[in-house]
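**Student:** Sharing a structure here in structure tokens format.
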Amino acid sequence: MTEIQKHIRCRPGDVARYVLLPGDPGRVERIAAQMQDAEEIARNREYVVVNGTTNGVPVTVCSTGIGGPAASIAIEELVKVGAKVFIRVGSAGGRQDDIPIGTPVIMTAAHRGEGTSKVYLPAEFPAVGDLDVTNALVEAARETGEPYRVGIGFTRDAYYVQDRALNELLKSVGVVAAEQEAALLFIVGTVRGVRVGSIVSTDSNIWLPVQPTLAEKEQLFRFGEKKAISIALRAVQLLAARGI
């Protein structure tokens with residue numbers, strides 16, 4: 001038997017085929033609240049692992065912390081213990097002026113503005129979400145009848161550094177969100193031969209003409225986060241029904 005993984009503290013058989021990957025350990029609890037039979041199976045550093053079901057489909061949730069290095073550890077170890085299909089469920093800054101805070105955004109691909117993915121593949125290689133997972137997320141979002149966005153994201157490392165010229169360029173070509181993990185997860189999924197998709201809720205937007213207060217942003221984000229979680233879980237159901 002494969003020994004326990006160093007960081008996520010799991011062995012083969014401990015996790016489901018389908019895994020949701022929030023960054024925030026606190027979001028694991030909020031995802032679990034929308035699942036059935038949720039049970040924590042491991043907790044170490046930034047990695048909190050919970051198993052449960054969604055409409056009878058087994059699903060695991062594992063937090064990844066912030067940024068590509070921590071996310072790479074989580075997905076690598078989860079693959080080693082048997083996970084096959086991953087959905088990042090995260091937060092992001094909106095990058096178009098018509099994306100309100102709290103909007104679910106499905107990322108089809110990501111500009112690789114971070115460093116970790118470049119250890120896996122050259123910078124020229126595209127970071128693209130799995131088509132079946134992305135389509136399931138879009139279908140699940142459409143079922144809600146509520147607003148959502150689909151498009152290319154921007155994954156970056158330095159949270160508190162804004163490159164104005166780059167932000168303006170990415171806005172001009174339609175990039176919809178900026179965050180810190182999706183590109184890395186897409187690339188590792190390609191390298192390891194597993195499926196990866198991504199949905200985020202916007203928690204800010206540098207292009208809004210009127211900026212909400214911090215309290216207003218938090219409230220709007222929580223509504224959007226709840227929607228994104230629901231969409232991700234419904235996407236798992238759709239994928240399972242299709243044998244993916």
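Every chain in the structure tokens takes a letter, A first, then B, and so on in the order presented; its residues are numbered from 1, and the ligands are numbered from 1 following the presented order.
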Residues of range 104-197 of chain A that approach range 226-244 of chain A to 8 Å or less, counting only C-alpha atoms: could you list each one with the shortest pair of atoms and its distance in Å to one decimal, rows by chain and increasing residue number, as a Markdown table?

**Tutor:**
```
| residue | atom | partner | partner_atom | distance |
| --- | --- | --- | --- | --- |
| A:Pro104 | CA | A:Ala228 | CA | 5.5 |
| A:Asp132 | CA | A:Leu239 | CA | 7.8 |
| A:Val133 | CA | A:Leu239 | CA | 7.2 |
| A:Ala136 | CA | A:Ala235 | CA | 4.9 |
| A:Leu137 | CA | A:Ala235 | CA | 5.1 |
| A:Glu139 | CA | A:Ala235 | CA | 7.6 |
| A:Ala140 | CA | A:Ile231 | CA | 5.4 |
| A:Ala141 | CA | A:Ile231 | CA | 5.6 |
```

**Student:** Going by DSSP on the backbone, which residues of range 10-97 of chain A come out as strand (DSSP E or B)? List them as JSON, numbers by chain.

**Tutor:** {"A": [18, 19, 20, 21, 36, 37, 38, 39, 40, 41, 42, 43, 44, 47, 48, 49, 50, 51, 52, 53, 54, 57, 58, 59, 60, 61, 62, 85, 86, 87, 88, 89, 90, 91, 92, 93, 94]}

**Student:** Residues near Phe221 in chain A, anyone? I mean within 12 Å using only C-alpha atoms, not counting same-chain ones fewer than 6 positions away, as number ranges by chain.

**Tutor:** A: 90-94, 100-104, 200-205, 212, 214-215, 227-228

**Student:** Would you please work out which residue, of A:Val191, A:Val59, A:Val89, A:Ala70, is nearest to Tyr47 in chain A when using only C-alpha atoms?

**Tutor:** A:Ala70

**Student:** Restricting the calculation to only C-alpha atoms: of A:Lys217, A:Arg142, A:Arg45, A:His111, which residue gets closest to Asp157 in chain A?

**Tutor:**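 Using only C-alpha atoms, Asp157 in chain A sits closest to A:His111.
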